$ cat model-v5.txt   # compact mmCIF, C-alpha atoms
# COMPACT_ATOMS: atom_id res chain seq x y z
CA MET W 1 -18.52 1.01 20.70
CA LEU W 2 -16.66 -0.47 23.66
CA ILE W 3 -14.09 -3.19 22.97
CA THR W 4 -13.53 -5.44 25.96
CA ASN W 5 -11.51 -8.53 26.91
CA GLY W 6 -8.68 -7.76 24.55
CA LYS W 7 -4.94 -7.51 25.02
CA LEU W 8 -4.08 -4.15 23.49
CA ILE W 9 -0.92 -3.76 21.42
CA THR W 10 -0.57 0.01 21.17
CA TRP W 11 2.43 0.27 18.77
CA GLU W 12 3.45 3.45 20.52
CA GLU W 13 7.14 4.31 20.73
CA PRO W 14 7.96 2.62 23.07
CA ASN W 15 5.34 -0.04 22.46
CA GLN W 16 2.98 -1.26 25.17
CA ILE W 17 0.83 -4.36 25.63
CA LEU W 18 -2.08 -3.54 27.91
CA GLU W 19 -4.19 -6.15 29.70
CA GLY W 20 -7.35 -5.55 31.68
CA GLN W 21 -8.01 -2.40 29.63
CA ALA W 22 -10.98 -1.55 27.43
CA LEU W 23 -11.12 0.72 24.41
CA PHE W 24 -13.98 3.15 23.74
CA ILE W 25 -14.64 4.31 20.17
CA GLU W 26 -16.79 7.25 19.09
CA ASP W 27 -17.08 9.19 15.82
CA GLY W 28 -14.47 6.99 14.17
CA LEU W 29 -11.82 7.74 16.79
CA ILE W 30 -10.43 6.04 19.87
CA LYS W 31 -11.78 8.26 22.64
CA GLU W 32 -10.64 6.42 25.77
CA ILE W 33 -8.45 3.55 26.91
CA GLY W 34 -8.73 2.58 30.56
CA PRO W 35 -9.55 -0.10 33.13
CA GLN W 36 -12.30 -2.28 31.74
CA ARG W 37 -14.62 -2.09 34.74
CA GLU W 38 -14.44 1.71 34.78
CA LEU W 39 -15.19 2.09 31.07
CA GLU W 40 -18.00 -0.50 31.20
CA ALA W 41 -19.67 1.53 33.95
CA LYS W 42 -19.05 4.85 32.21
CA HIS W 43 -20.28 3.69 28.77
CA SER W 44 -22.98 1.19 29.73
CA GLY W 45 -25.11 2.17 26.74
CA ALA W 46 -22.39 1.62 24.16
CA ARG W 47 -22.35 -1.32 21.80
CA ALA W 48 -20.04 -3.94 23.31
CA LEU W 49 -17.60 -5.94 21.21
CA ASP W 50 -15.92 -8.75 23.12
CA ALA W 51 -12.42 -9.54 21.82
CA GLY W 52 -12.48 -12.87 23.63
CA GLY W 53 -8.92 -12.64 24.86
CA GLN W 54 -7.48 -11.91 21.42
CA TYR W 55 -4.82 -9.32 20.71
CA VAL W 56 -6.24 -5.97 19.58
CA MET W 57 -3.81 -3.90 17.53
CA PRO W 58 -3.71 -1.28 14.77
CA GLY W 59 -4.52 -2.58 11.29
CA SER W 60 -1.68 -3.03 8.81
CA ILE W 61 -0.83 -0.32 6.27
CA CYS W 62 0.41 -0.97 2.72
CA ALA W 63 2.65 1.74 1.25
CA HIS W 64 2.48 0.70 -2.42
CA THR W 65 0.18 -1.62 -4.34
CA HIS W 66 -1.65 -2.08 -7.66
CA PHE W 67 -5.31 -3.12 -7.41
CA TYR W 68 -5.51 -3.31 -11.21
CA GLY W 69 -3.16 -6.30 -11.28
CA ALA W 70 -5.75 -8.61 -9.72
CA PHE W 71 -6.71 -10.24 -13.02
CA ALA W 72 -3.11 -11.27 -13.66
CA ARG W 73 -3.47 -14.10 -11.16
CA GLY W 74 -3.12 -17.37 -13.07
CA LEU W 75 -2.54 -15.62 -16.42
CA ALA W 76 -0.05 -17.40 -18.67
CA ILE W 77 2.40 -15.04 -20.35
CA PRO W 78 2.91 -16.01 -24.02
CA GLU W 79 6.14 -17.93 -24.58
CA PRO W 80 9.04 -17.50 -24.54
CA ALA W 81 9.06 -16.42 -20.91
CA PRO W 82 10.29 -12.87 -20.24
CA LYS W 83 14.03 -12.86 -19.64
CA ASP W 84 14.18 -9.60 -17.67
CA PHE W 85 12.04 -6.88 -16.14
CA PRO W 86 11.64 -4.75 -19.32
CA GLU W 87 10.22 -7.84 -21.03
CA ILE W 88 7.89 -8.45 -18.09
CA LEU W 89 6.53 -4.93 -18.56
CA ARG W 90 6.11 -5.37 -22.31
CA LYS W 91 4.69 -8.90 -22.18
CA LEU W 92 2.57 -8.79 -19.03
CA TRP W 93 1.74 -5.48 -17.36
CA TRP W 94 1.38 -3.11 -20.27
CA PRO W 95 -0.81 -5.43 -22.38
CA LEU W 96 -2.83 -6.24 -19.26
CA ASP W 97 -3.54 -2.65 -18.27
CA ARG W 98 -4.55 -1.90 -21.89
CA SER W 99 -7.13 -4.71 -21.57
CA LEU W 100 -9.10 -3.18 -18.69
CA THR W 101 -12.52 -1.57 -18.93
CA GLU W 102 -14.01 0.60 -16.19
CA GLU W 103 -15.95 -2.37 -14.80
CA ASP W 104 -12.76 -4.43 -14.75
CA VAL W 105 -11.09 -1.60 -12.83
CA ARG W 106 -13.88 -1.61 -10.26
CA TYR W 107 -13.91 -5.37 -9.75
CA SER W 108 -10.14 -5.73 -9.67
CA ALA W 109 -10.25 -3.20 -6.83
CA LEU W 110 -13.10 -4.98 -5.06
CA VAL W 111 -11.37 -8.37 -5.00
CA MET W 112 -8.17 -6.80 -3.67
CA LEU W 113 -10.08 -4.84 -1.04
CA ALA W 114 -11.93 -7.94 0.14
CA GLU W 115 -8.57 -9.68 0.55
CA ALA W 116 -7.22 -6.67 2.44
CA ILE W 117 -10.08 -6.76 4.93
CA ARG W 118 -9.60 -10.48 5.46
CA HIS W 119 -5.85 -10.03 5.98
CA GLY W 120 -6.15 -7.10 8.38
CA THR W 121 -4.79 -4.38 6.09
CA THR W 122 -6.81 -1.26 6.77
CA THR W 123 -5.02 1.43 4.70
CA LEU W 124 -3.61 0.99 1.18
CA ILE W 125 -1.76 3.35 -1.15
CA ASP W 126 -2.66 2.34 -4.71
CA HIS W 127 -1.06 3.15 -8.06
CA HIS W 128 -3.44 2.68 -10.99
CA ALA W 129 -3.20 2.25 -14.80
CA SER W 130 -5.89 1.56 -17.42
CA PRO W 131 -4.99 3.47 -20.62
CA ASN W 132 -8.22 2.55 -22.40
CA ALA W 133 -10.34 3.61 -19.41
CA ILE W 134 -8.61 6.62 -17.89
CA SER W 135 -11.30 9.23 -17.27
CA GLY W 136 -13.28 8.32 -14.18
CA SER W 137 -11.13 5.30 -13.35
CA LEU W 138 -10.17 6.73 -9.96
CA ASP W 139 -13.86 7.29 -9.19
CA ALA W 140 -14.50 3.62 -9.98
CA ILE W 141 -11.79 2.60 -7.52
CA ALA W 142 -12.96 5.14 -4.95
CA GLY W 143 -16.48 3.74 -5.15
CA ALA W 144 -15.12 0.28 -4.39
CA VAL W 145 -13.09 1.64 -1.48
CA GLU W 146 -16.14 3.44 -0.07
CA GLN W 147 -18.17 0.26 -0.36
CA SER W 148 -15.49 -1.72 1.46
CA GLY W 149 -15.04 0.79 4.29
CA LEU W 150 -11.26 0.67 4.05
CA ARG W 151 -8.93 3.66 3.86
CA ALA W 152 -6.98 4.30 0.62
CA VAL W 153 -4.79 6.80 -1.22
CA LEU W 154 -5.34 6.74 -5.01
CA CYS W 155 -3.58 8.07 -8.12
CA TYR W 156 -3.35 7.45 -11.87
CA GLU W 157 0.04 6.68 -13.42
CA VAL W 158 0.95 9.20 -16.12
CA THR W 159 3.11 7.72 -18.87
CA ASP W 160 4.15 8.50 -22.45
CA ARG W 161 4.05 4.88 -23.54
CA ASP W 162 0.47 5.13 -24.84
CA GLY W 163 0.84 8.46 -26.64
CA GLU W 164 0.50 12.15 -25.89
CA ALA W 165 -3.30 12.19 -25.64
CA ARG W 166 -3.38 9.48 -22.98
CA ALA W 167 -0.53 11.13 -21.07
CA ARG W 168 -2.59 14.32 -20.96
CA ALA W 169 -5.69 12.34 -19.94
CA GLY W 170 -3.69 10.80 -17.08
CA ILE W 171 -2.65 14.24 -15.88
CA GLU W 172 -6.25 15.43 -16.01
CA GLU W 173 -7.50 12.37 -14.11
CA ASN W 174 -5.02 13.01 -11.31
CA LEU W 175 -5.92 16.69 -11.12
CA ARG W 176 -9.65 16.07 -11.17
CA PHE W 177 -9.43 13.48 -8.43
CA ILE W 178 -7.05 15.50 -6.23
CA GLU W 179 -9.42 18.46 -6.35
CA LYS W 180 -12.42 16.24 -5.66
CA GLN W 181 -10.80 14.85 -2.51
CA ARG W 182 -9.82 18.29 -1.29
CA ASP W 183 -13.51 19.11 -1.21
CA HIS W 184 -14.13 16.33 1.35
CA PRO W 185 -12.13 17.10 4.51
CA GLY W 186 -12.87 15.76 7.99
CA THR W 187 -12.22 12.75 10.17
CA GLN W 188 -14.76 10.60 8.31
CA ARG W 189 -12.87 10.90 5.03
CA ARG W 190 -11.33 7.54 4.07
CA ILE W 191 -10.04 8.38 0.58
CA ALA W 192 -7.15 10.66 -0.32
CA ALA W 193 -5.28 11.42 -3.54
CA THR W 194 -1.79 11.94 -4.84
CA PHE W 195 -0.32 12.45 -8.34
CA GLY W 196 0.72 9.25 -10.11
CA LEU W 197 3.67 8.85 -12.48
CA HIS W 198 4.74 5.54 -14.00
CA ALA W 199 8.55 5.70 -14.08
CA SER W 200 11.30 7.89 -15.48
CA LEU W 201 11.86 5.38 -18.30
CA THR W 202 8.41 6.09 -19.80
CA LEU W 203 8.33 9.84 -19.12
CA SER W 204 9.81 12.57 -21.30
CA ALA W 205 11.18 15.80 -19.91
CA ALA W 206 8.18 17.61 -21.37
CA THR W 207 5.71 15.30 -19.60
CA LEU W 208 7.56 15.55 -16.29
CA GLU W 209 7.43 19.32 -16.57
CA ALA W 210 3.75 19.23 -17.47
CA CYS W 211 3.03 17.13 -14.38
CA ARG W 212 5.05 19.38 -12.11
CA GLU W 213 3.37 22.50 -13.46
CA ALA W 214 -0.10 20.96 -13.24
CA ALA W 215 0.18 19.53 -9.72
CA PRO W 216 -1.49 21.73 -7.09
CA PRO W 217 0.71 23.30 -4.42
CA GLY W 218 1.59 20.76 -1.77
CA ALA W 219 0.69 17.75 -3.90
CA GLY W 220 3.28 15.00 -4.01
CA PHE W 221 3.89 12.22 -6.51
CA HIS W 222 3.86 8.41 -6.50
CA ILE W 223 6.41 6.93 -8.94
CA HIS W 224 8.50 3.80 -9.59
CA VAL W 225 12.24 4.49 -9.39
CA ALA W 226 15.22 2.31 -10.34
CA GLU W 227 13.29 -0.93 -10.04
CA HIS W 228 15.61 -2.29 -12.74
CA GLU W 229 18.89 -1.02 -14.19
CA SER W 230 17.07 -0.06 -17.39
CA ASP W 231 15.49 2.89 -15.58
CA GLU W 232 18.96 4.26 -14.79
CA TYR W 233 20.29 3.63 -18.31
CA ASP W 234 17.27 5.36 -19.83
CA SER W 235 17.67 8.37 -17.55
CA LEU W 236 21.38 8.69 -18.39
CA ALA W 237 20.55 8.56 -22.11
CA LYS W 238 17.76 11.16 -21.80
CA SER W 239 19.31 13.60 -19.36
CA GLY W 240 22.91 12.64 -18.64
CA THR W 241 21.93 12.07 -15.01
CA ARG W 242 20.66 9.18 -12.92
CA VAL W 243 16.96 8.76 -12.16
CA VAL W 244 16.78 10.39 -8.74
CA ASP W 245 18.90 13.33 -9.95
CA ARG W 246 16.56 13.71 -12.93
CA LEU W 247 13.46 13.70 -10.75
CA GLN W 248 15.06 16.18 -8.39
CA ALA W 249 15.80 18.52 -11.30
CA HIS W 250 12.12 18.38 -12.29
CA GLY W 251 10.89 19.08 -8.75
CA ILE W 252 9.33 15.65 -8.26
CA LEU W 253 11.01 14.67 -4.97
CA GLY W 254 9.89 15.90 -1.57
CA PRO W 255 8.17 14.99 1.70
CA ASN W 256 4.86 14.26 -0.05
CA THR W 257 6.35 11.99 -2.73
CA ILE W 258 6.52 8.19 -2.66
CA VAL W 259 9.26 6.39 -4.60
CA ALA W 260 8.65 2.66 -5.10
CA HIS W 261 11.58 0.21 -5.11
CA ALA W 262 14.84 2.22 -5.37
CA VAL W 263 16.71 -1.05 -5.99
CA HIS W 264 19.49 0.40 -8.18
CA VAL W 265 20.08 3.85 -6.70
CA ASP W 266 23.67 4.93 -5.98
CA ALA W 267 25.07 6.77 -2.96
CA ARG W 268 24.30 10.26 -4.25
CA GLU W 269 20.75 9.26 -5.14
CA VAL W 270 20.30 7.91 -1.61
CA ALA W 271 21.51 11.24 -0.23
CA LEU W 272 19.04 13.13 -2.44
CA LEU W 273 16.18 10.94 -1.25
CA ALA W 274 17.16 11.56 2.37
CA GLU W 275 17.73 15.29 1.96
CA SER W 276 14.41 15.80 0.21
CA GLY W 277 12.41 13.79 2.74
CA THR W 278 11.07 11.53 -0.03
CA TRP W 279 9.45 8.26 1.04
CA VAL W 280 10.80 4.96 -0.36
CA SER W 281 8.58 1.88 -0.42
CA HIS W 282 10.23 -1.57 -0.38
CA GLN W 283 8.45 -4.55 -2.03
CA PRO W 284 10.68 -7.63 -1.52
CA ARG W 285 8.27 -10.27 -2.86
CA SER W 286 7.83 -8.35 -6.10
CA ASN W 287 11.56 -7.68 -6.46
CA MET W 288 12.29 -11.38 -6.03
CA ASN W 289 9.55 -12.41 -8.47
CA ASN W 290 10.77 -9.99 -11.14
CA GLY W 291 14.42 -10.86 -10.58
CA VAL W 292 15.36 -7.18 -10.39
CA GLY W 293 17.74 -7.38 -7.44
CA VAL W 294 17.65 -6.40 -3.77
CA ALA W 295 17.26 -2.88 -2.42
CA ASP W 296 19.91 -2.02 0.17
CA ILE W 297 17.36 -1.24 2.84
CA GLU W 298 19.74 -0.98 5.77
CA SER W 299 21.90 1.56 3.93
CA LEU W 300 18.84 3.57 2.93
CA ALA W 301 17.62 3.64 6.52
CA ARG W 302 21.10 4.45 7.87
CA ALA W 303 21.30 7.41 5.46
CA GLY W 304 18.05 8.79 6.88
CA VAL W 305 15.69 7.77 4.07
CA ASN W 306 12.08 7.20 5.14
CA VAL W 307 11.75 3.52 4.14
CA CYS W 308 8.29 1.91 4.15
CA LEU W 309 6.86 -1.47 3.13
CA GLY W 310 4.41 -2.28 0.35
CA THR W 311 3.21 -5.27 -1.68
CA ASP W 312 3.29 -4.07 -5.33
CA GLY W 313 0.05 -5.89 -6.11
CA PHE W 314 0.79 -9.11 -4.25
CA THR W 315 -1.87 -10.09 -1.70
CA SER W 316 -2.26 -7.58 1.12
CA THR W 317 -0.59 -9.93 3.56
CA MET W 318 1.69 -7.44 5.23
CA TRP W 319 3.12 -9.85 7.80
CA THR W 320 4.19 -12.10 4.92
CA GLU W 321 5.94 -9.06 3.44
CA TRP W 322 7.62 -8.54 6.84
CA LYS W 323 8.96 -12.08 6.73
CA THR W 324 10.22 -11.71 3.19
CA ALA W 325 11.95 -8.41 3.93
CA TYR W 326 13.56 -9.92 7.02
CA LEU W 327 14.85 -13.04 5.25
CA LEU W 328 15.85 -11.58 1.88
CA GLN W 329 18.54 -9.27 3.26
CA LYS W 330 20.05 -12.14 5.24
CA VAL W 331 20.40 -14.48 2.28
CA TRP W 332 21.59 -11.65 0.01
CA ARG W 333 24.30 -10.62 2.47
CA ARG W 334 24.91 -14.17 3.71
CA ASP W 335 24.78 -12.75 7.22
CA PRO W 336 21.99 -13.66 9.69
CA ARG W 337 22.60 -10.43 11.61
CA ARG W 338 21.33 -8.25 8.79
CA MET W 339 17.86 -6.66 8.71
CA PRO W 340 16.85 -7.10 12.38
CA GLY W 341 13.18 -7.51 13.18
CA ASP W 342 12.91 -4.14 14.92
CA LEU W 343 14.00 -2.41 11.70
CA VAL W 344 11.31 -4.30 9.77
CA ALA W 345 8.75 -3.22 12.38
CA HIS W 346 9.95 0.39 12.24
CA MET W 347 9.47 0.45 8.46
CA SER W 348 6.14 -1.30 8.26
CA VAL W 349 4.50 0.03 11.41
CA HIS W 350 5.89 3.45 12.29
CA ASN W 351 7.05 4.69 8.87
CA ASN W 352 3.99 3.32 7.08
CA ALA W 353 1.79 5.05 9.67
CA ARG W 354 3.66 8.34 9.27
CA LEU W 355 3.32 8.12 5.48
CA ALA W 356 -0.39 7.26 5.57
CA GLY W 357 -0.91 9.91 8.22
CA SER W 358 0.40 12.59 5.88
CA PHE W 359 -2.67 11.91 3.70
CA PHE W 360 -5.07 11.63 6.67
CA PRO W 361 -3.71 14.26 9.07
CA GLN W 362 -6.89 14.72 11.08
CA ALA W 363 -5.85 12.04 13.62
CA PRO W 364 -2.95 9.63 14.23
CA LEU W 365 -2.90 6.34 12.32
CA GLY W 366 -1.24 3.07 13.26
CA VAL W 367 -1.44 3.43 17.06
CA LEU W 368 -3.93 2.60 19.80
CA VAL W 369 -4.01 5.85 21.77
CA PRO W 370 -6.81 8.27 22.64
CA GLY W 371 -7.47 10.57 19.70
CA ALA W 372 -6.22 8.12 17.04
CA PHE W 373 -8.29 6.75 14.17
CA ALA W 374 -10.11 3.59 15.25
CA ASP W 375 -8.49 1.38 12.59
CA LEU W 376 -7.77 -1.92 14.31
CA ILE W 377 -7.83 -5.68 14.09
CA PHE W 378 -8.31 -8.67 16.40
CA VAL W 379 -5.63 -11.36 16.15
CA ASP W 380 -6.19 -14.89 17.46
CA TYR W 381 -2.58 -15.63 18.38
CA GLN W 382 -1.71 -18.01 21.21
CA PRO W 383 1.94 -17.46 22.16
CA PHE W 384 3.74 -20.30 23.90
CA THR W 385 6.78 -18.22 24.84
CA PRO W 386 6.98 -14.90 26.74
CA PHE W 387 5.22 -12.24 24.67
CA THR W 388 6.59 -8.76 25.33
CA PRO W 389 6.64 -5.32 23.69
CA GLY W 390 10.34 -5.85 22.99
CA ASN W 391 10.06 -9.20 21.23
CA LEU W 392 6.82 -8.46 19.35
CA PRO W 393 8.55 -7.93 15.95
CA TRP W 394 10.04 -11.43 16.14
CA GLN W 395 6.77 -12.93 17.39
CA ILE W 396 5.12 -11.46 14.28
CA ILE W 397 7.86 -12.62 11.90
CA PHE W 398 8.01 -16.17 13.25
CA GLY W 399 4.51 -16.68 14.62
CA PHE W 400 1.83 -14.42 13.20
CA HIS W 401 -0.14 -15.28 10.08
CA GLU W 402 -2.84 -13.27 8.36
CA SER W 403 -5.32 -16.14 8.81
CA MET W 404 -5.25 -15.28 12.54
CA VAL W 405 -7.06 -11.99 11.87
CA THR W 406 -10.68 -12.46 12.94
CA THR W 407 -12.05 -8.91 13.04
CA THR W 408 -11.21 -5.78 11.03
CA ILE W 409 -12.42 -2.30 12.00
CA VAL W 410 -11.84 1.02 10.19
CA ALA W 411 -12.96 4.37 11.61
CA GLY W 412 -15.00 2.45 14.17
CA GLU W 413 -16.91 0.50 11.50
CA VAL W 414 -16.71 -3.29 11.68
CA LEU W 415 -15.74 -4.55 8.21
CA MET W 416 -15.19 -8.15 9.27
CA GLN W 417 -16.34 -9.89 12.46
CA ASP W 418 -15.42 -13.44 13.36
CA ARG W 419 -13.92 -13.83 9.86
CA LYS W 420 -17.17 -12.84 8.12
CA LEU W 421 -17.04 -9.72 5.93
CA THR W 422 -19.84 -7.28 6.66
CA THR W 423 -19.44 -4.62 3.96
CA LEU W 424 -18.56 -6.69 0.89
CA ASP W 425 -20.24 -9.77 -0.58
CA GLU W 426 -17.21 -11.91 -1.39
CA ALA W 427 -19.22 -14.54 -3.24
CA GLU W 428 -20.84 -11.98 -5.54
CA ILE W 429 -17.58 -10.14 -6.14
CA SER W 430 -15.69 -13.33 -6.94
CA ALA W 431 -18.45 -14.61 -9.22
CA ARG W 432 -18.55 -11.39 -11.24
CA ALA W 433 -14.75 -11.25 -11.37
CA ARG W 434 -14.71 -14.78 -12.80
CA GLU W 435 -17.05 -13.59 -15.54
CA LEU W 436 -14.95 -10.53 -16.33
CA ALA W 437 -11.46 -12.05 -16.17
CA PRO W 438 -11.81 -14.30 -19.26
CA GLN W 439 -12.77 -11.25 -21.33
CA VAL W 440 -9.77 -9.32 -19.98
CA TRP W 441 -7.54 -12.27 -20.86
CA LYS W 442 -9.07 -12.45 -24.36
CA ARG W 443 -8.22 -8.78 -24.96
CA TYR W 444 -4.78 -9.37 -23.49
CA TYR W 445 -3.98 -12.32 -25.79
CA ALA W 446 -5.34 -10.45 -28.83
CA GLN W 447 -2.23 -8.25 -28.54
CA PHE W 448 -0.05 -11.30 -29.29
CA PRO W 449 -1.03 -12.38 -32.83
CA ASN W 450 1.27 -15.42 -32.77
CA HIS W 451 -0.07 -16.74 -29.48
CA ALA W 452 -2.00 -19.96 -29.88

$ encode --input "model-v5.txt" --output "structure tokens"
Amino acid sequence: MLITNGKLITWEEPNQILEGQALFIEDGLIKEIGPQRELEAKHSGARALDAGGQYVMPGSICAHTHFYGAFARGLAIPEPAPKDFPEILRKLWWPLDRSLTEEDVRYSALVMLAEAIRHGTTTLIDHHASPNAISGSLDAIAGAVEQSGLRAVLCYEVTDRDGEARARAGIEENLRFIEKQRDHPGTQRRIAATFGLHASLTLSAATLEACREAAPPGAGFHIHVAEHESDEYDSLAKSGTRVVDRLQAHGILGPNTIVAHAVHVDAREVALLAESGTWVSHQPRSNMNNGVGVADIESLARAGVNVCLGTDGFTSTMWTEWKTAYLLQKVWRRDPRRMPGDLVAHMSVHNNARLAGSFFPQAPLGVLVPGAFADLIFVDYQPFTPFTPGNLPWQIIFGFHESMVTTTIVAGEVLMQDRKLTTLDEAEISARARELAPQVWKRYYAQFPNHA
């Protein structure tokens, strides 16, 4: 495939914006970038895709999300409203995940994947829970991902909150799926696996040890850390140490591990995260919604922590997450100089690409360069001020919107063209989801006997 008439945003370091250049794709990779007339003559038999003057750039990457939360949209939590994050877990998320069947798991993934395609998010790192449908749940999600054509990293969250048998089943589901993905190497592979853990506050020392012992060599973990103070208090009560120290003692941290949130970590915990090379994913919309506080992102980055950006189950609108991350630090610090746009871009473009690339090492992700994965989007943005590689982060924060994405391509396959999805039937998916959601809600409310 030859992409012509686009303005190419390469997201290299330093970034470039190339005009008059075409992009040739073969075998899922970007093979050449060069003068349009030369590539048109050289690849005259290739399928041509005219970008029509739009910006062509790498697709967005999401470092932490929850497909299974899709059916929470519009759900009324039984009164009284949760007063803090532990109550939100007990009154919303844990009863909801217990209400999911395998078909619910599949369709909650499908609706989130359709939204991701439409919003230009081409790689997602998911964290799944369905304690009454554990075995095979990751296959159900993987099937949805394969159908969509997107790229995803999957895991199952191990927890003690549903009993020893389900904790063991969660461990086995992670191991089974990790081994299954290791049997499918190559540049065409779009699904990878990691080992999921819920959070320190729902994991005993014995379960943490069981997970560490079971995980194959080189496998990392994906876990929530210090999202709320309760995680720290629980860790101190269990182990006499703070959460990050506890995870370090159990061998959970490392360059293949993703820590979500890290809102309430102290200075020593930050140092441990940096020293171990652990990735930290920031989800500002979720943190604001749950009222858990604000992660000190600038301090984490200054200390050398690999900070990324995720959505935590919100819509896969990564530029909206950019805006939120940019603004939240300013209002929290009451200082408009905080959280500059280039730091937001570094997190969500370069760090997210490095993180995702650790799961798909066969080719670079998140850049338009020869040899990289052909994961890209067309953006119908009409700037009315000078548009340069240097000011691009601020153009995105103040000008871009996900509705401007018109075409989404992953591994050279067109998943959406001119805003029409090609791999997923949105109408069918939405219709079936509307049939399933009321039954999920019925099972959810059945766990609250006093709810009218």

$ closest_residue --input "model-v5.txt" --among "W:Glu12, W:Asp160, W:Glu298, W:Glu115" --to "Pro131 (chain W)" --atoms "only C-alpha atoms"
W:Asp160

$ closest_residue --input "model-v5.txt" --among "W:Ala214, W:Met347, W:Ala72, W:Ala363" --to "Asp104 (chain W)" --atoms "only C-alpha atoms"
W:Ala72

$ residues_around --input "model-v5.txt" --residues "Gln417 (chain W)" --least-positions-apart "3" --cutoff "8 Å" --atoms "only C-alpha atoms" --output "PyMOL selection string"
chain W and resi 406-408+414+420-422

$ atom_distance --input "model-v5.txt" --atom1 "CA of Gly52 (chain W)" --atom2 "CA of Lys7 (chain W)"
9.4 Å

$ closest_residue --input "model-v5.txt" --among "W:Glu146, W:Arg37, W:Gly136, W:Leu197" --to "Thr159 (chain W)" --atoms "only C-alpha atoms"
W:Leu197

$ residues_around --input "model-v5.txt" --residues "region 268-282 of chain W" --least-positions-apart "4" --cutoff "6 Å" --atoms "only C-alpha atoms" --output "NGL selection string"
:W and (244 or 253-255 or 257-261 or 304-310)

$ closest_residue --input "model-v5.txt" --among "W:Arg242, W:His250, W:Arg354, W:His228" --to "Cys211 (chain W)" --atoms "only C-alpha atoms"
W:His250

$ residues_around --input "model-v5.txt" --residues "region 95-102 of chain W" --least-positions-apart "2" --cutoff "10 Å" --atoms "all atoms listed in the file" --output "ChimeraX atom specification"
/W:68-69,71-72,75,89-93,104-108,128-141,162,436-437,439-448

$ residues_around --input "model-v5.txt" --residues "Leu365 (chain W)" --least-positions-apart "5" --cutoff "6 Å" --atoms "only C-alpha atoms" --output "VMD selection string"
chain W and resid 353 357 373

$ closest_residue --input "model-v5.txt" --among "W:Glu321, W:Asp335, W:Glu19, W:Glu209" --to "Gln54 (chain W)" --atoms "all atoms listed in the file"
W:Glu19

$ closest_atom_pairs --input "model-v5.txt" --of "region 21-101 of chain W" --to "region 121-127 of chain W" --cutoff "6 Å" --atoms "only C-alpha atoms" --output "Markdown table"
| residue | atom | partner | partner_atom | distance |
| --- | --- | --- | --- | --- |
| W:Gly59 | CA | W:Thr122 | CA | 5.2 |
| W:Ser60 | CA | W:Thr121 | CA | 4.3 |
| W:Ile61 | CA | W:Thr123 | CA | 4.8 |
| W:Cys62 | CA | W:Leu124 | CA | 4.7 |
| W:Ala63 | CA | W:Ile125 | CA | 5.3 |
| W:His64 | CA | W:Ile125 | CA | 5.2 |
| W:Thr65 | CA | W:Asp126 | CA | 4.9 |
| W:His66 | CA | W:His127 | CA | 5.3 |

$ residues_around --input "model-v5.txt" --residues "region 392-399 of chain W" --least-positions-apart "2" --cutoff "7 Å" --atoms "only C-alpha atoms" --output "list in words"
Trp319, Trp322, Lys323, Gly341, Asp342, Ala345, Phe387, Thr388, Pro389, Gly390 and His401 of chain W

$ closest_residue --input "model-v5.txt" --among "W:Leu150, W:Ile409, W:Leu343, W:Leu236" --to "Leu49 (chain W)" --atoms "only C-alpha atoms"
W:Ile409

$ atom_distance --input "model-v5.txt" --atom1 "CA of Ser403 (chain W)" --atom2 "CA of Asn15 (chain W)"
23.6 Å

$ atom_distance --input "model-v5.txt" --atom1 "CA of Phe195 (chain W)" --atom2 "CA of Ala267 (chain W)"
26.6 Å
